[in-house]
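K.L.:
Quick one: this structure, given as structure tokens, is what I'll be asking you about.
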Amino acid sequence: MPELVIMVLDDPQQSDQVLEAWVSVGARGVTLLDSAGLAHHLARHTTRDDLPLMPSLSSLLRLREEHHRTIFTVVPDGFDVDALVAATERITGDLDEHNTGVLFVLPVSRAWGLNRQD
């Protein structure tokens with residue numbers, strides 16, 4: 001059965017390396033999206049009471065957006081997902097450690113377009 005491999009990568013600067021690693025183990029049709037977690041969303045939408053009445057331009061420019069990258073692909077039946085995870089962890093470090101990311105796999109009951117020839 002095909003599987004959907006999804007990774008939320010904590011460090012967006014590692015995304016090119018992770019994409020290359022996935023392709024090197026045979027993943028095709030990999031998609032990359034900008035994403036943000038719930039903690040970031042909540043922090044961004046809370047009201048602050050410590051802002052000055054006239055904030056300086058430099059303080060406004062110092063606001064830093066914290067984003068993640070969500071990477072996903074559907075792999076065919078028999079694909080070596082363990083090799084993909086190992087290739088990913090060579091870049092991110094152990095995914096069970098903090099600030100690396102989350103990778104999970106879901107079964108795909110039906111899929112079209114997986115057997116296209118390049």
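How things are named: the first chain in the structure tokens is A, the next is B, and so on; residues count from 1 in each chain; ligands count from 1 in the order shown.
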Using only C-alpha atoms, which protein or nucleic acid residues come within 12 Å of A:Asp16? Drop anything in the same chain fewer than 3 positions from it, and give the result as a list in words.
P.N.:
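Surrounding residues, per the criterion: Leu9, Asp11, Pro12, Gln13, Leu19, Glu20, Ala21, Trp22, Val23, Val30, Thr31, Leu32, Arg69, Ile71, Thr88, Ile91 and Thr92 of chain A.
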K.L.:
Quote the spacing between atom CA of A:Glu3 and atom CA of A:Leu38 in Å to one decimal place.
P.N.:
25.9 Å
K.L.:
State, in Å with one decimal place, the distance from atom CA of A:Gly29 to atom CA of A:Asn99.
P.N.:
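Computing the Euclidean distance for atom CA of A:Gly29 and atom CA of A:Asn99 yields 26.0 Å.
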K.L.:
With distances taken over only C-alpha atoms, which of A:Leu33, A:Val25, A:Val85, A:Val5 is nearest to A:His67?
P.N.:
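The closest residue to A:His67 is A:Leu33.
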K.L.:
How many Å lie between atom CA of A:Ser109 and atom CA of A:Ser35, rounded to one decimal?
P.N.:
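Taking atom CA of A:Ser109 and atom CA of A:Ser35, their separation equals 25.8 Å.
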